[in-house]
Amino acid sequence: MHQEILMYHSLLIKILLAVLVINALVPFFARHHIATQMRYTRISFFIFFGFLTMVAFSGLVAFMVLEYPWNLSLTLMVAALVILIALETYRSKKLHQRWMLSENGATVSLLYVSAQIAIIAAMTVLMIMEKKGAISLS
């Protein structure tokens, strides 16, 4: 059961990364039509938050069921979650400002999504290194 819980959590993280890659590409698909870009970006915004919530909930279930003690790695995961939420909110606000000026926000969107992918990749590398015993975050 322990391996299954962690497998679901890691699978949801991989799906979240795929959603982020799609979020990075959405503004480029409808580059010349601001209204279409707005609609697809808003849809991807809610899909991102849906999967982010699923990742957070599966992590919470793993924490409770597997009875992990609170340590630095869990603190880093919570901090990463808060930073991802803040980055997505800022991305949405910046895109909205660009759209009000009838400008394309593809480069701004790509910048924020790249930062989100980098945070998730860094957390994944840290967790793999901790699992392999290379570092200790306990």
# chains A, B, ... in the order shown; residues from 1 in each chain; ligands from 1

call {"tool": "residues_around", "arguments": {"residues": "range 34-44 of chain A", "least_positions_apart": "2", "cutoff": "8 Å", "atoms": "only C-alpha atoms", "output": "PyMOL selection string"}}
result
chain A and resi 19+23+26-27+29-32+46-48+99+102-104

call {"tool": "write_last_selection", "arguments": {"atoms": "N, CA and C atoms", "output": "PDB file, in the first residue's frame"}}
result
ATOM      1  N   VAL A  19       0.749  19.056 -17.870  1.00  0.00           N
ATOM      2  CA  VAL A  19      -0.182  20.190 -17.915  1.00  0.00           C
ATOM      3  C   VAL A  19       0.598  21.504 -18.017  1.00  0.00           C
ATOM      4  N   ASN A  23       0.410  24.292 -20.788  1.00  0.00           N
ATOM      5  CA  ASN A  23       0.184  25.698 -20.425  1.00  0.00           C
ATOM      6  C   ASN A  23       1.211  26.613 -21.078  1.00  0.00           C
ATOM      7  N   VAL A  26       0.050  26.895 -24.891  1.00  0.00           N
ATOM      8  CA  VAL A  26      -1.274  27.431 -25.225  1.00  0.00           C
ATOM      9  C   VAL A  26      -1.221  28.848 -25.794  1.00  0.00           C
ATOM     10  N   PRO A  27      -0.484  29.791 -25.195  1.00  0.00           N
ATOM     11  CA  PRO A  27      -0.474  31.140 -25.778  1.00  0.00           C
ATOM     12  C   PRO A  27       0.135  31.207 -27.175  1.00  0.00           C
ATOM     13  N   PHE A  29      -0.358  28.865 -29.513  1.00  0.00           N
ATOM     14  CA  PHE A  29      -1.314  28.309 -30.468  1.00  0.00           C
ATOM     15  C   PHE A  29      -2.241  29.387 -31.025  1.00  0.00           C
ATOM     16  N   ALA A  30      -2.690  30.263 -30.154  1.00  0.00           N
ATOM     17  CA  ALA A  30      -3.641  31.299 -30.570  1.00  0.00           C
ATOM     18  C   ALA A  30      -2.966  32.662 -30.499  1.00  0.00           C
ATOM     19  N   ARG A  31      -1.808  32.768 -31.066  1.00  0.00           N
ATOM     20  CA  ARG A  31      -0.997  33.973 -30.953  1.00  0.00           C
ATOM     21  C   ARG A  31      -1.671  35.204 -31.549  1.00  0.00           C
ATOM     22  N   HIS A  32      -2.450  35.036 -32.607  1.00  0.00           N
ATOM     23  CA  HIS A  32      -3.013  36.186 -33.313  1.00  0.00           C
ATOM     24  C   HIS A  32      -4.429  36.511 -32.874  1.00  0.00           C
ATOM     25  N   PHE A  46      -7.528  26.595 -14.766  1.00  0.00           N
ATOM     26  CA  PHE A  46      -8.315  25.745 -13.866  1.00  0.00           C
ATOM     27  C   PHE A  46      -7.843  24.295 -13.892  1.00  0.00           C
ATOM     28  N   ILE A  47      -7.395  23.821 -15.036  1.00  0.00           N
ATOM     29  CA  ILE A  47      -6.856  22.459 -15.102  1.00  0.00           C
ATOM     30  C   ILE A  47      -5.586  22.360 -14.269  1.00  0.00           C
ATOM     31  N   PHE A  48      -4.728  23.382 -14.357  1.00  0.00           N
ATOM     32  CA  PHE A  48      -3.501  23.395 -13.546  1.00  0.00           C
ATOM     33  C   PHE A  48      -3.835  23.340 -12.061  1.00  0.00           C
ATOM     34  N   TRP A  99      -3.634  41.417 -21.946  1.00  0.00           N
ATOM     35  CA  TRP A  99      -4.820  41.316 -22.797  1.00  0.00           C
ATOM     36  C   TRP A  99      -5.616  42.615 -22.811  1.00  0.00           C
ATOM     37  N   SER A 102      -4.355  44.705 -25.363  1.00  0.00           N
ATOM     38  CA  SER A 102      -4.392  43.994 -26.650  1.00  0.00           C
ATOM     39  C   SER A 102      -3.007  43.534 -27.073  1.00  0.00           C
ATOM     40  N   GLU A 103      -2.233  43.056 -26.108  1.00  0.00           N
ATOM     41  CA  GLU A 103      -0.905  42.537 -26.397  1.00  0.00           C
ATOM     42  C   GLU A 103      -0.891  41.024 -26.198  1.00  0.00           C
ATOM     43  N   ASN A 104       0.052  40.384 -26.844  1.00  0.00           N
ATOM     44  CA  ASN A 104       0.220  38.950 -26.689  1.00  0.00           C
ATOM     45  C   ASN A 104       1.060  38.688 -25.444  1.00  0.00           C
TER      46      ASN A 104
END

call {"tool": "select_by_dssp", "arguments": {"residues": "range 1-137 of chain A", "states": "alpha helix (DSSP H)", "output": "PyMOL selection string"}}
result
chain A and resi 2-29+34-65+72-100+106-132

call {"tool": "atom_distance", "arguments": {"atom1": "CA of Lys131 in chain A", "atom2": "CA of Val55 in chain A"}}
result
19.0 Å

call {"tool": "residues_around", "arguments": {"residues": "Val125 in chain A", "least_positions_apart": "6", "cutoff": "12 Å", "atoms": "only C-alpha atoms", "output": "PyMOL selection string"}}
result
chain A and resi 73+118-119+131-132+134-135

call {"tool": "closest_residue", "arguments": {"among": "A:Phe57, A:Phe63, A:Trp70, A:Phe49", "to": "Glu88 in chain A", "atoms": "only C-alpha atoms"}}
result
A:Phe49

call {"tool": "closest_residue", "arguments": {"among": "A:Lys93, A:Gln3, A:Ile83, A:Val78", "to": "Phe45 in chain A", "atoms": "only C-alpha atoms"}}
result
A:Lys93
